[in-house]
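> Just so it is clear, I am handing over entry28.txt, which has compact mmCIF, C-alpha atoms and all ligand atoms.
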```txt
# COMPACT_ATOMS: atom_id res chain seq x y z
CA MET A 4 7.05 -27.03 8.88
CA GLN A 5 6.44 -25.35 12.26
CA GLN A 6 2.95 -24.99 13.72
CA SER A 7 3.76 -22.45 16.46
CA ALA A 8 1.43 -19.63 15.47
CA THR A 9 -1.58 -21.86 14.75
CA SER A 10 -3.71 -21.10 17.80
CA THR A 11 -3.59 -17.32 17.37
CA ILE A 12 -4.18 -17.72 13.65
CA GLN A 13 -7.36 -19.71 14.36
CA ASP A 14 -8.56 -16.95 16.72
CA ILE A 15 -7.90 -14.30 14.09
CA ARG A 16 -9.53 -16.35 11.32
CA ALA A 17 -12.74 -16.52 13.31
CA ASP A 18 -13.13 -12.76 12.71
CA PHE A 19 -13.10 -13.18 8.91
CA PRO A 20 -16.35 -14.74 7.68
CA ILE A 21 -15.07 -15.23 4.14
CA LEU A 22 -12.30 -17.53 5.34
CA LYS A 23 -14.96 -20.08 6.31
CA ARG A 24 -16.14 -20.53 2.75
CA GLN A 25 -15.17 -23.25 0.34
CA VAL A 26 -13.97 -22.76 -3.22
CA HIS A 27 -14.38 -25.65 -5.69
CA GLY A 28 -15.25 -27.84 -2.69
CA LYS A 29 -11.95 -27.04 -0.89
CA ARG A 30 -11.08 -24.78 2.05
CA LEU A 31 -10.34 -21.28 0.78
CA VAL A 32 -6.61 -20.59 1.03
CA TYR A 33 -6.44 -16.86 0.41
CA LEU A 34 -2.96 -15.80 -0.72
CA ASP A 35 -3.81 -12.72 -2.78
CA ASN A 36 -3.38 -10.18 0.00
CA ALA A 37 -1.10 -7.86 -1.96
CA ALA A 38 -4.07 -7.29 -4.29
CA THR A 39 -6.59 -6.83 -1.48
CA THR A 40 -7.14 -8.24 1.99
CA GLN A 41 -10.23 -9.80 3.56
CA LYS A 42 -12.34 -7.84 6.05
CA PRO A 43 -13.07 -8.72 9.68
CA THR A 44 -16.65 -8.73 10.98
CA GLN A 45 -15.86 -5.59 12.97
CA VAL A 46 -15.28 -3.63 9.72
CA ILE A 47 -18.28 -5.17 7.94
CA ASP A 48 -20.51 -4.35 10.92
CA ALA A 49 -19.24 -0.76 11.08
CA LEU A 50 -20.45 -0.15 7.50
CA SER A 51 -23.88 -1.56 8.27
CA ASP A 52 -24.04 0.40 11.54
CA TYR A 53 -23.33 3.68 9.74
CA TYR A 54 -26.00 3.13 7.09
CA SER A 55 -28.52 1.69 9.58
CA ASN A 56 -28.10 4.21 12.37
CA TYR A 57 -26.44 7.53 11.50
CA ASN A 58 -26.12 7.90 7.72
CA SER A 59 -25.67 11.60 7.01
CA ASN A 60 -23.38 13.99 5.16
CA ILE A 61 -20.47 15.43 7.14
CA HIS A 62 -19.07 18.91 7.85
CA ARG A 63 -22.34 20.59 6.77
CA SER A 64 -25.57 20.16 8.73
CA VAL A 65 -25.97 20.73 12.46
CA HIS A 66 -28.47 17.94 13.13
CA GLN A 67 -27.66 14.97 15.38
CA LEU A 68 -26.99 12.44 12.59
CA ALA A 69 -24.61 14.85 10.84
CA GLU A 70 -22.73 15.42 14.08
CA GLU A 71 -22.39 11.70 14.75
CA ALA A 72 -21.20 11.01 11.18
CA THR A 73 -18.73 13.92 11.26
CA GLU A 74 -17.34 12.77 14.57
CA ALA A 75 -16.89 9.17 13.40
CA PHE A 76 -15.29 10.31 10.11
CA GLU A 77 -12.87 12.68 11.82
CA SER A 78 -12.03 10.10 14.45
CA SER A 79 -10.77 7.85 11.62
CA ARG A 80 -8.37 10.67 10.78
CA ASN A 81 -7.08 10.68 14.36
CA LYS A 82 -6.62 6.91 14.16
CA ALA A 83 -4.69 7.17 10.88
CA LYS A 84 -2.50 9.90 12.37
CA ARG A 85 -1.73 7.67 15.34
CA PHE A 86 -1.19 4.59 13.18
CA LEU A 87 1.38 6.40 11.03
CA ASN A 88 2.76 8.49 13.88
CA ALA A 89 2.24 11.66 11.85
CA ARG A 90 2.89 14.93 13.65
CA ASP A 91 -0.51 16.46 12.96
CA ARG A 92 -4.00 15.26 11.99
CA GLU A 93 -4.10 18.01 9.36
CA GLU A 94 -1.44 16.07 7.46
CA ILE A 95 -3.83 13.13 6.85
CA ILE A 96 -5.91 13.41 3.67
CA PHE A 97 -8.50 10.80 2.77
CA THR A 98 -8.44 9.78 -0.89
CA LYS A 99 -10.09 6.98 -2.80
CA ASN A 100 -6.97 4.75 -2.85
CA ALA A 101 -3.18 4.84 -2.87
CA THR A 102 -3.23 5.60 -6.59
CA GLU A 103 -5.21 8.79 -6.05
CA ALA A 104 -2.94 9.70 -3.13
CA LEU A 105 0.13 9.36 -5.38
CA ASN A 106 -1.59 11.36 -8.12
CA ILE A 107 -2.30 14.18 -5.67
CA ALA A 108 1.30 14.16 -4.46
CA SER A 109 2.74 14.10 -7.97
CA ARG A 110 0.35 16.54 -9.66
CA CYS A 111 0.22 19.14 -6.90
CA ALA A 112 3.88 18.97 -5.90
CA CYS A 113 4.97 19.19 -9.53
CA GLU A 114 2.67 22.12 -10.23
CA LYS A 115 4.36 24.01 -7.42
CA PHE A 116 7.95 22.78 -7.49
CA LEU A 117 8.81 21.27 -10.89
CA LYS A 118 10.22 23.39 -13.69
CA LYS A 119 11.35 22.64 -17.23
CA GLY A 120 14.67 20.79 -17.16
CA ASP A 121 14.20 19.52 -13.58
CA LYS A 122 14.68 15.87 -12.72
CA VAL A 123 12.40 13.32 -11.01
CA VAL A 124 13.77 9.93 -9.94
CA VAL A 125 11.83 6.69 -9.39
CA THR A 126 12.99 3.07 -9.23
CA GLU A 127 12.60 0.07 -11.51
CA MET A 128 10.48 -1.70 -8.89
CA GLU A 129 7.60 0.78 -8.84
CA HIS A 130 3.95 -0.15 -9.17
CA HIS A 131 2.37 1.70 -12.13
CA SER A 132 0.64 3.96 -9.60
CA ASN A 133 4.02 5.34 -8.61
CA PHE A 134 5.46 5.35 -12.11
CA VAL A 135 2.89 6.49 -14.68
CA PRO A 136 1.93 9.72 -12.82
CA TRP A 137 5.61 10.80 -12.76
CA GLN A 138 6.14 9.74 -16.37
CA GLN A 139 3.18 11.82 -17.56
CA ILE A 140 3.85 14.85 -15.38
CA THR A 141 7.54 15.10 -16.25
CA LYS A 142 6.60 14.91 -19.95
CA ARG A 143 4.08 17.71 -19.54
CA ALA A 144 6.53 19.86 -17.54
CA GLY A 145 9.48 19.32 -19.89
CA ALA A 146 11.32 17.66 -16.98
CA THR A 147 13.22 14.37 -17.11
CA LEU A 148 12.37 11.09 -15.43
CA GLU A 149 15.25 8.86 -14.38
CA ILE A 150 14.87 5.29 -13.20
CA VAL A 151 17.19 3.74 -10.62
CA SER A 152 18.09 0.10 -11.37
CA VAL A 153 17.30 -2.90 -9.24
CA ASP A 154 20.37 -5.09 -8.61
CA GLU A 155 20.85 -8.89 -8.70
CA ASP A 156 19.60 -9.25 -5.14
CA CYS A 157 16.42 -7.30 -6.03
CA GLN A 158 17.52 -4.27 -4.02
CA ILE A 159 17.81 -0.66 -5.19
CA ASP A 160 21.23 -0.37 -6.86
CA GLU A 161 23.01 1.96 -4.44
CA SER A 162 25.67 3.27 -6.82
CA ASP A 163 23.09 4.02 -9.50
CA LEU A 164 20.97 5.75 -6.87
CA GLU A 165 23.86 7.89 -5.71
CA THR A 166 24.53 9.08 -9.27
CA LYS A 167 20.89 9.71 -10.11
CA LEU A 168 20.07 11.55 -6.89
CA LYS A 169 22.34 14.45 -7.87
CA ASP A 170 20.37 17.64 -8.62
CA VAL A 171 17.05 15.85 -8.31
CA ARG A 172 13.80 17.71 -7.52
CA ILE A 173 11.62 14.76 -6.45
CA PHE A 174 12.46 11.16 -5.49
CA ALA A 175 9.56 8.66 -5.37
CA PHE A 176 9.99 5.03 -4.31
CA ASN A 177 8.04 2.20 -2.78
CA HIS A 178 8.54 1.13 0.81
CA MET A 179 7.88 -2.50 -0.09
CA SER A 180 7.68 -3.97 -3.58
CA ASN A 181 4.39 -5.66 -4.50
CA VAL A 182 6.30 -8.09 -6.76
CA LEU A 183 9.65 -8.77 -5.09
CA GLY A 184 8.70 -8.23 -1.47
CA THR A 185 11.84 -6.09 -1.15
CA ILE A 186 11.66 -3.68 1.78
CA ASN A 187 13.37 -0.39 1.09
CA ASP A 188 14.88 1.50 4.01
CA ALA A 189 12.61 4.52 3.76
CA LYS A 190 14.36 6.47 6.52
CA ARG A 191 17.82 6.10 5.01
CA LEU A 192 16.64 6.78 1.45
CA THR A 193 14.73 9.86 2.62
CA LYS A 194 17.84 11.18 4.35
CA LEU A 195 19.99 10.59 1.24
CA ALA A 196 17.43 12.42 -0.90
CA HIS A 197 16.89 15.25 1.57
CA ASP A 198 20.65 15.80 1.63
CA GLN A 199 20.26 16.61 -2.07
CA GLY A 200 17.46 19.04 -1.21
CA CYS A 201 14.65 17.14 -2.91
CA ILE A 202 11.08 16.18 -2.05
CA VAL A 203 10.54 12.55 -1.05
CA VAL A 204 7.40 10.58 -1.88
CA VAL A 205 7.01 7.09 -0.38
CA ASP A 206 4.49 4.58 -1.72
CA GLY A 207 3.46 2.73 1.42
CA ALA A 208 0.66 0.65 -0.13
CA GLN A 209 2.48 -2.61 0.68
CA SER A 210 4.31 -1.55 3.84
CA ALA A 211 1.65 0.07 6.04
CA PRO A 212 -0.41 -3.17 6.20
CA HIS A 213 2.52 -5.29 7.35
CA PHE A 214 4.82 -3.47 9.75
CA PRO A 215 4.84 -0.44 12.05
CA ILE A 216 5.20 2.92 10.32
CA ASP A 217 6.69 5.93 12.05
CA LEU A 218 6.51 8.93 9.76
CA GLN A 219 8.18 11.23 12.27
CA ASP A 220 11.14 8.89 12.14
CA ILE A 221 11.15 8.38 8.36
CA GLU A 222 10.65 12.11 7.73
CA CYS A 223 9.46 11.72 4.14
CA ASP A 224 7.35 14.50 2.61
CA PHE A 225 4.51 12.33 1.30
CA PHE A 226 3.34 8.80 2.11
CA ALA A 227 0.50 6.94 0.38
CA LEU A 228 -1.55 3.88 1.38
CA SER A 229 -4.79 2.01 0.59
CA SER A 230 -7.33 0.92 3.21
CA HIS A 231 -8.37 -2.23 1.32
CA LYS A 232 -4.85 -3.69 1.59
CA MET A 233 -5.01 -3.46 5.39
CA LEU A 234 -8.38 -5.02 6.30
CA GLY A 235 -10.39 -1.88 5.51
CA PRO A 236 -12.99 -1.23 2.80
CA THR A 237 -12.21 -0.44 -0.82
CA GLY A 238 -12.66 3.15 -1.98
CA VAL A 239 -10.46 4.70 0.72
CA GLY A 240 -6.82 5.67 0.66
CA CYS A 241 -4.73 8.01 2.63
CA LEU A 242 -2.16 10.61 1.70
CA TYR A 243 0.14 11.89 4.39
CA GLY A 244 1.74 15.19 3.42
CA ARG A 245 4.12 17.33 5.41
CA LYS A 246 2.04 20.28 6.61
CA GLU A 247 4.33 23.04 5.29
CA ILE A 248 4.22 21.46 1.83
CA LEU A 249 0.45 20.85 1.85
CA GLU A 250 -0.01 24.51 2.71
CA GLU A 251 2.12 25.58 -0.26
CA ILE A 252 0.78 23.32 -2.99
CA PRO A 253 -2.48 23.91 -4.88
CA PRO A 254 -5.62 21.77 -4.34
CA PHE A 255 -6.13 18.67 -6.47
CA LEU A 256 -9.88 18.88 -7.12
CA TYR A 257 -12.14 21.91 -6.94
CA GLY A 258 -15.72 22.03 -5.63
CA GLY A 259 -17.70 21.78 -2.41
CA ASP A 260 -16.14 21.52 1.05
CA MET A 261 -12.61 22.43 -0.08
CA ILE A 262 -13.27 26.20 -0.17
CA LYS A 263 -13.27 28.95 2.41
CA GLU A 264 -14.88 31.71 0.34
CA VAL A 265 -16.06 31.89 -3.23
CA ARG A 266 -16.40 35.18 -5.10
CA ILE A 267 -17.12 35.70 -8.81
CA ASN A 268 -13.46 36.04 -9.71
CA GLU A 269 -11.68 34.34 -6.86
CA THR A 270 -11.85 31.47 -4.38
CA THR A 271 -9.89 30.86 -1.22
CA TRP A 272 -9.18 27.36 0.08
CA ASN A 273 -10.40 25.60 3.19
CA GLU A 274 -8.01 24.71 6.01
CA LEU A 275 -5.97 21.52 5.89
CA PRO A 276 -6.81 18.71 5.38
CA TRP A 277 -10.19 19.63 3.83
CA LYS A 278 -8.49 21.72 1.10
CA PHE A 279 -7.72 18.33 -0.48
CA GLU A 280 -11.07 16.61 0.18
CA ALA A 281 -13.41 18.13 -2.42
CA GLY A 282 -17.03 16.97 -2.56
CA THR A 283 -18.77 14.41 -0.36
CA SER A 284 -16.23 11.94 0.97
CA ASN A 285 -16.60 8.16 1.10
CA ILE A 286 -17.94 8.51 4.65
CA ALA A 287 -18.94 4.93 5.47
CA ASP A 288 -15.71 3.44 4.18
CA VAL A 289 -13.51 5.98 5.94
CA ILE A 290 -15.30 5.04 9.17
CA GLY A 291 -14.75 1.36 8.29
CA PHE A 292 -11.08 2.10 7.69
CA GLY A 293 -10.86 3.54 11.21
CA VAL A 294 -12.24 0.27 12.56
CA ALA A 295 -9.65 -1.69 10.53
CA LEU A 296 -6.94 0.47 12.09
CA ASP A 297 -8.36 -0.28 15.56
CA TYR A 298 -8.28 -3.99 14.72
CA LEU A 299 -4.62 -3.84 13.63
CA ARG A 300 -3.67 -1.71 16.62
CA ASP A 301 -5.30 -4.21 19.00
CA ILE A 302 -3.26 -7.04 17.49
CA GLY A 303 -0.19 -4.79 17.34
CA MET A 304 1.71 -4.08 14.12
CA GLN A 305 4.86 -5.47 15.68
CA ASN A 306 3.00 -8.79 16.13
CA VAL A 307 1.69 -8.69 12.55
CA TRP A 308 5.26 -8.20 11.34
CA LYS A 309 6.67 -10.89 13.65
CA HIS A 310 4.16 -13.45 12.41
CA GLU A 311 4.78 -12.66 8.73
CA HIS A 312 8.53 -12.56 9.23
CA GLU A 313 8.50 -15.99 10.87
CA MET A 314 6.41 -17.34 8.01
CA CYS A 315 8.68 -15.68 5.48
CA GLU A 316 11.67 -17.74 6.56
CA ASP A 317 9.69 -20.98 6.22
CA ILE A 318 8.17 -19.96 2.90
CA LEU A 319 11.62 -19.23 1.44
CA GLU A 320 12.90 -22.54 2.72
CA GLU A 321 9.95 -24.57 1.41
CA LEU A 322 9.85 -22.83 -1.98
CA GLY A 323 13.62 -23.34 -2.24
CA LYS A 324 13.10 -27.12 -2.07
CA LEU A 325 10.83 -27.21 -5.13
CA LYS A 326 12.32 -28.25 -8.44
CA ASP A 327 11.88 -26.03 -11.50
CA LEU A 328 10.70 -23.09 -9.45
CA GLU A 329 12.19 -19.63 -9.88
CA VAL A 330 11.44 -17.26 -7.01
CA TYR A 331 12.03 -13.52 -7.54
CA GLY A 332 13.07 -11.23 -4.70
CA PRO A 333 15.67 -11.14 -1.90
CA LYS A 334 16.79 -14.51 -0.55
CA ASP A 335 17.32 -13.02 2.90
CA SER A 336 14.08 -12.85 4.92
CA ASN A 337 15.41 -9.77 6.76
CA LYS A 338 15.27 -7.79 3.54
CA ARG A 339 11.74 -8.64 2.52
CA GLY A 340 8.07 -9.09 3.33
CA ALA A 341 5.87 -12.14 2.70
CA VAL A 342 5.08 -11.49 -0.98
CA PHE A 343 6.47 -14.19 -3.26
CA SER A 344 6.57 -13.98 -7.04
CA PHE A 345 7.58 -17.14 -8.84
CA ASN A 346 7.44 -19.05 -12.08
CA VAL A 347 7.12 -22.81 -12.44
CA GLY A 348 9.48 -23.89 -15.24
CA GLY A 349 7.85 -23.50 -18.64
CA VAL A 350 4.31 -23.06 -17.31
CA HIS A 351 2.46 -19.78 -17.90
CA ALA A 352 1.68 -17.89 -14.69
CA HIS A 353 -2.06 -17.82 -15.50
CA ASP A 354 -2.11 -21.63 -15.84
CA VAL A 355 -0.40 -21.93 -12.44
CA ALA A 356 -2.99 -19.62 -10.86
CA SER A 357 -5.85 -21.45 -12.47
CA ILE A 358 -4.69 -24.93 -11.35
CA LEU A 359 -4.17 -23.59 -7.83
CA ASP A 360 -7.65 -22.07 -7.93
CA ASP A 361 -9.08 -25.54 -8.64
CA GLN A 362 -7.62 -26.48 -5.26
CA GLY A 363 -9.16 -23.50 -3.47
CA ILE A 364 -5.91 -21.51 -3.45
CA ALA A 365 -6.25 -17.87 -4.51
CA ILE A 366 -3.07 -16.24 -5.82
CA ARG A 367 -2.50 -13.61 -8.49
CA SER A 368 -0.80 -14.01 -11.84
CA GLY A 369 0.19 -11.38 -14.40
CA HIS A 370 2.47 -8.36 -14.50
CA HIS A 371 1.20 -7.03 -11.14
CA CYS A 372 1.04 -3.46 -12.50
CA ALA A 373 4.83 -3.45 -12.68
CA GLN A 374 5.69 -3.84 -16.35
CA ILE A 375 9.01 -1.97 -16.01
CA LEU A 376 10.09 -4.58 -13.47
CA MET A 377 8.80 -7.46 -15.63
CA GLN A 378 11.02 -6.17 -18.45
CA LYS A 379 13.95 -6.11 -16.05
CA LEU A 380 13.23 -9.69 -14.91
CA GLN A 381 12.74 -10.64 -18.57
CA VAL A 382 9.43 -12.35 -17.95
CA PRO A 383 5.96 -11.43 -19.21
CA ALA A 384 4.31 -12.44 -15.95
CA THR A 385 4.78 -14.18 -12.62
CA SER A 386 2.55 -15.99 -10.17
CA ARG A 387 2.39 -14.27 -6.80
CA ALA A 388 1.43 -15.62 -3.38
CA SER A 389 1.09 -12.93 -0.73
CA PHE A 390 0.51 -13.68 2.96
CA TYR A 391 -1.13 -11.75 5.78
CA LEU A 392 -1.86 -12.03 9.48
CA TYR A 393 -4.59 -14.69 9.05
CA ASN A 394 -2.42 -16.99 6.94
CA GLY A 395 -0.84 -19.89 8.75
CA PHE A 396 1.50 -22.77 8.03
CA ASP A 397 -1.47 -24.82 6.79
CA ASP A 398 -1.80 -22.25 3.97
CA LEU A 399 1.88 -22.59 3.17
CA GLU A 400 1.57 -26.37 3.13
CA ALA A 401 -1.43 -26.09 0.76
CA LEU A 402 0.56 -23.79 -1.53
CA ILE A 403 3.54 -26.13 -1.64
CA GLN A 404 1.33 -29.16 -2.41
CA GLY A 405 -0.51 -27.05 -4.99
CA ILE A 406 2.69 -26.08 -6.80
CA LYS A 407 3.85 -29.71 -6.78
CA HIS A 408 0.51 -30.62 -8.36
CA VAL A 409 1.01 -27.94 -11.06
CA SER A 410 4.41 -29.45 -11.90
CA GLU A 411 2.94 -32.94 -12.11
CA VAL A 412 0.06 -31.86 -14.32
CA LEU A 413 1.87 -29.51 -16.67
CA SER A 414 5.58 -30.19 -16.80
C1 LIG B 1 3.14 -0.91 -4.24
C2 LIG B 1 1.77 -0.48 -4.65
N1 LIG B 1 1.53 0.81 -4.86
C3 LIG B 1 0.32 1.27 -5.22
C4 LIG B 1 -0.73 0.40 -5.41
C5 LIG B 1 -2.05 0.94 -5.81
O1 LIG B 1 -3.03 0.69 -4.86
P1 LIG B 1 -4.55 0.98 -5.20
O2 LIG B 1 -4.90 0.12 -6.39
O3 LIG B 1 -5.29 0.59 -3.98
O4 LIG B 1 -4.64 2.42 -5.52
C6 LIG B 1 -0.53 -0.96 -5.22
C7 LIG B 1 -1.61 -1.92 -5.46
O5 LIG B 1 -1.40 -3.10 -5.65
C8 LIG B 1 0.75 -1.41 -4.82
O6 LIG B 1 0.99 -2.71 -4.62
```
Hey, can you dump this file as structure tokens for me?


Amino acid sequence: MQQSATSTIQDIRADFPILKRQVHGKRLVYLDNAATTQKPTQVIDALSDYYSNYNSNIHRSVHQLAEEATEAFESSRNKAKRFLNARDREEIIFTKNATEALNIASRCACEKFLKKGDKVVVTEMEHHSNFVPWQQITKRAGATLEIVSVDEDCQIDESDLETKLKDVRIFAFNHMSNVLGTINDAKRLTKLAHDQGCIVVVDGAQSAPHFPIDLQDIECDFFALSSHKMLGPTGVGCLYGRKEILEEIPPFLYGGDMIKEVRINETTWNELPWKFEAGTSNIADVIGFGVALDYLRDIGMQNVWKHEHEMCEDILEELGKLKDLEVYGPKDSNKRGAVFSFNVGGVHAHDVASILDDQGIAIRSGHHCAQILMQKLQVPATSRASFYLYNGFDDLEALIQGIKHVSEVLS
């Protein structure tokens, strides 16, 4: 196994206090990054700084603290706009997570654009957050939901897609699968769907943390992400929406801050993006998210991707050497990110995770909120190791030894 990236990894690790701790007397090997990532000191300090020094509500009072809090909150929006290369800061809406972002996109877009008999298309590799909202809304609207198959190589089945995209109103798909690691070509898929005149929703919860995103290049209509999967705090997500569409669709929640004028019989809505940010926002965590974006920008998303891509090739090679191990997802590292779902012959995924935990290795096991995909793979569950910028080849080595130990103990 190579050791090339080790020195930079050590520098990065120093920023993450949790990575210094031990679990069951062993060094923590954190490989559950697709579930949530660890936070650097810079983000942790930003939360404490807000509460210690300028805690205040935003967009309301004129006093000094309120101005400082409003400025910090709105500067996170500028950072998110830059990070995603959105055209306009008004297109960035803060939500509580990617799930809420996808619910806003689905509920509000459907209320405006979906009629009885219309068709919505998703794929078999969607996380429940990009499946259940469409399932429920199409039912309520009397529309149909069609699901594009995943092929043998764990890619979207192109011929099935071509057939299903005909006369479609909305196409929603993930940019990177949280189970297979498959990276979908969002730009090309958006173009195919736009050629059919439909609205395109991209679930970027697993892509935005790992490689550069250019929304002006992709040209999708909506894009969703979660702060906690990219070094930021929990409780914050982001919905990008194309401005013309956000102006047309109704608000998601009603209440304070999202209104312009309220009369007894009628209310008018605030400007974008605040029309979609009802009530007091999660101010501290949005500010923390901005600091996480600064951190990633300083490292450079191209460098994050390069590191994970290099690791990906080694991980595939090392996992491929293990006996009795089935790995799900593309075999070609150019088609995937560093999320690896696997099963160790005959051993339940939860037992694998629990034996690895005894060795200080944190992975996830279960259906990964993707039961449609589990049915397709014909498994109830998988184990999943997901890597990030602070994971090095020592973590890979620990995982490989850990899996060998599982086989010895349980096979
Ligand atoms: C692909 C994908 N979409 C959406 C989500 C939902 O993210 P959150 O739970 O932060 O809303 C996840 C979370 O794992 C995910 O992996």

> With a cut-off of 8 Å, could you pull out the residues of chain A touching ligand LIG 1 (chain B) and give me the nearest pair of atoms for each, distance in Å to one decimal, using all atoms listed in the file, ordered by chain and ascending number, as a tab-separated table?


```
residue	atom	partner	partner_atom	distance
A:Ala37	CA	B:LIG1	O5	6.0
A:Ala38	CA	B:LIG1	O5	5.2
A:Thr39	CA	B:LIG1	O5	7.6
A:Lys99	CA	B:LIG1	O4	7.6
A:Asn100	CA	B:LIG1	O4	4.2
A:Ala101	CA	B:LIG1	O4	3.9
A:Thr102	CA	B:LIG1	O4	3.6
A:Glu103	CA	B:LIG1	O4	6.4
A:Ala104	CA	B:LIG1	O4	7.8
A:Glu129	CA	B:LIG1	C1	6.6
A:His130	CA	B:LIG1	C2	5.0
A:His131	CA	B:LIG1	C3	7.2
A:Ser132	CA	B:LIG1	C3	5.2
A:Asn133	CA	B:LIG1	N1	6.4
A:Asn177	CA	B:LIG1	C1	6.0
A:His178	CA	B:LIG1	C1	7.7
A:Met179	CA	B:LIG1	C1	6.5
A:Ser180	CA	B:LIG1	C1	5.5
A:Asn181	CA	B:LIG1	O6	4.5
A:Val182	CA	B:LIG1	O6	7.9
A:Asp206	CA	B:LIG1	N1	5.7
A:Gly207	CA	B:LIG1	C1	6.7
A:Ala208	CA	B:LIG1	C2	4.8
A:Gln209	CA	B:LIG1	C1	5.2
A:Ala227	CA	B:LIG1	C3	8.0
A:Leu228	CA	B:LIG1	O1	7.2
A:Ser229	CA	B:LIG1	O3	4.8
A:Ser230	CA	B:LIG1	O3	7.5
A:His231	CA	B:LIG1	O3	6.7
A:Lys232	CA	B:LIG1	O3	7.0
A:Thr237	CA	B:LIG1	O3	7.7
A:Gly240	CA	B:LIG1	O3	7.0
A:His371	CA	B:LIG1	O5	7.2
A:Cys372	CA	B:LIG1	O5	7.3
```

> Which of these residues is nearest to Val307 of chain A, using only C-alpha atoms: A:Ala211, A:Ile150, A:Ala17, A:Leu325?

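Answer, going by the shortest atom-to-atom distance: A:Ala211.
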
> Using only C-alpha atoms, which of A:Ser59, A:Asp297, A:Asn285, A:Leu31 sits nearest Asp397 of chain A?

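Closest candidate: A:Leu31.
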
> Show which residues sit within 12 Å of segment 402-406 of chain A, as a PyMOL selection string. Count only C-alpha atoms, and ignore same-chain residues fewer than 4 positions away.

chain A and resi 4+31-35+317-329+343+345-348+350+352+354-366+386-390+394-398+410-414

> Excluding same-chain residues fewer than 2 positions from Leu50 of chain A, what lies within 12 Å of it counting all atoms listed in the file, as JSON, numbers by chain?

{"A": [42, 43, 44, 45, 46, 47, 48, 52, 53, 54, 55, 56, 57, 58, 72, 75, 76, 235, 236, 237, 285, 286, 287, 288, 289, 290, 291, 292, 293, 294, 295]}

> Would you mind reading off the distance between atom CA of Ala83 of chain A and atom CA of Leu296 of chain A, one decimal, in Å?

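Atom-to-atom, atom CA of Ala83 of chain A to atom CA of Leu296 of chain A, that is 7.2 Å.
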
> Counting only C-alpha atoms, which residue out of A:Phe97, A:Trp308, A:Phe279, A:Tyr391 sits closest to Met233 of chain A?

A:Tyr391

> Figure out the distance between atom CA of Gln305 of chain A and atom CA of Ala401 of chain A, please, to one decimal in Å.

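Between atom CA of Ala401 of chain A and atom CA of Gln305 of chain A the gap works out to 26.2 Å.
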
> Please measure the separation of atom CA of Phe225 of chain A and atom CA of Cys111 of chain A, giving the value in Å to one decimal.

11.5 Å

> Excluding same-chain residues fewer than 2 positions from Gly120 of chain A, what lies within 9 Å of it counting only C-alpha atoms, as a ChimeraX atom specification?

/A:117-118,122,144-147

> So that I have them on file, write out the residues from the current selection with C-alpha atoms, as an mmCIF file, in the coordinates of the input.


```cif
data_model
loop_
_atom_site.group_PDB
_atom_site.id
_atom_site.type_symbol
_atom_site.label_atom_id
_atom_site.label_comp_id
_atom_site.auth_asym_id
_atom_site.auth_seq_id
_atom_site.Cartn_x
_atom_site.Cartn_y
_atom_site.Cartn_z
ATOM 1 C CA LEU A 117 8.810 21.270 -10.890
ATOM 2 C CA LYS A 118 10.220 23.390 -13.690
ATOM 3 C CA LYS A 122 14.680 15.870 -12.720
ATOM 4 C CA ALA A 144 6.530 19.860 -17.540
ATOM 5 C CA GLY A 145 9.480 19.320 -19.890
ATOM 6 C CA ALA A 146 11.320 17.660 -16.980
ATOM 7 C CA THR A 147 13.220 14.370 -17.110
#
```

> Name the residues within 10 Å of (18.7, -6.8, 2.6), counting only C-alpha atoms in the file's coordinates, and put them as a ChimeraX atom specification.

/A:156-159,185-188,333-339
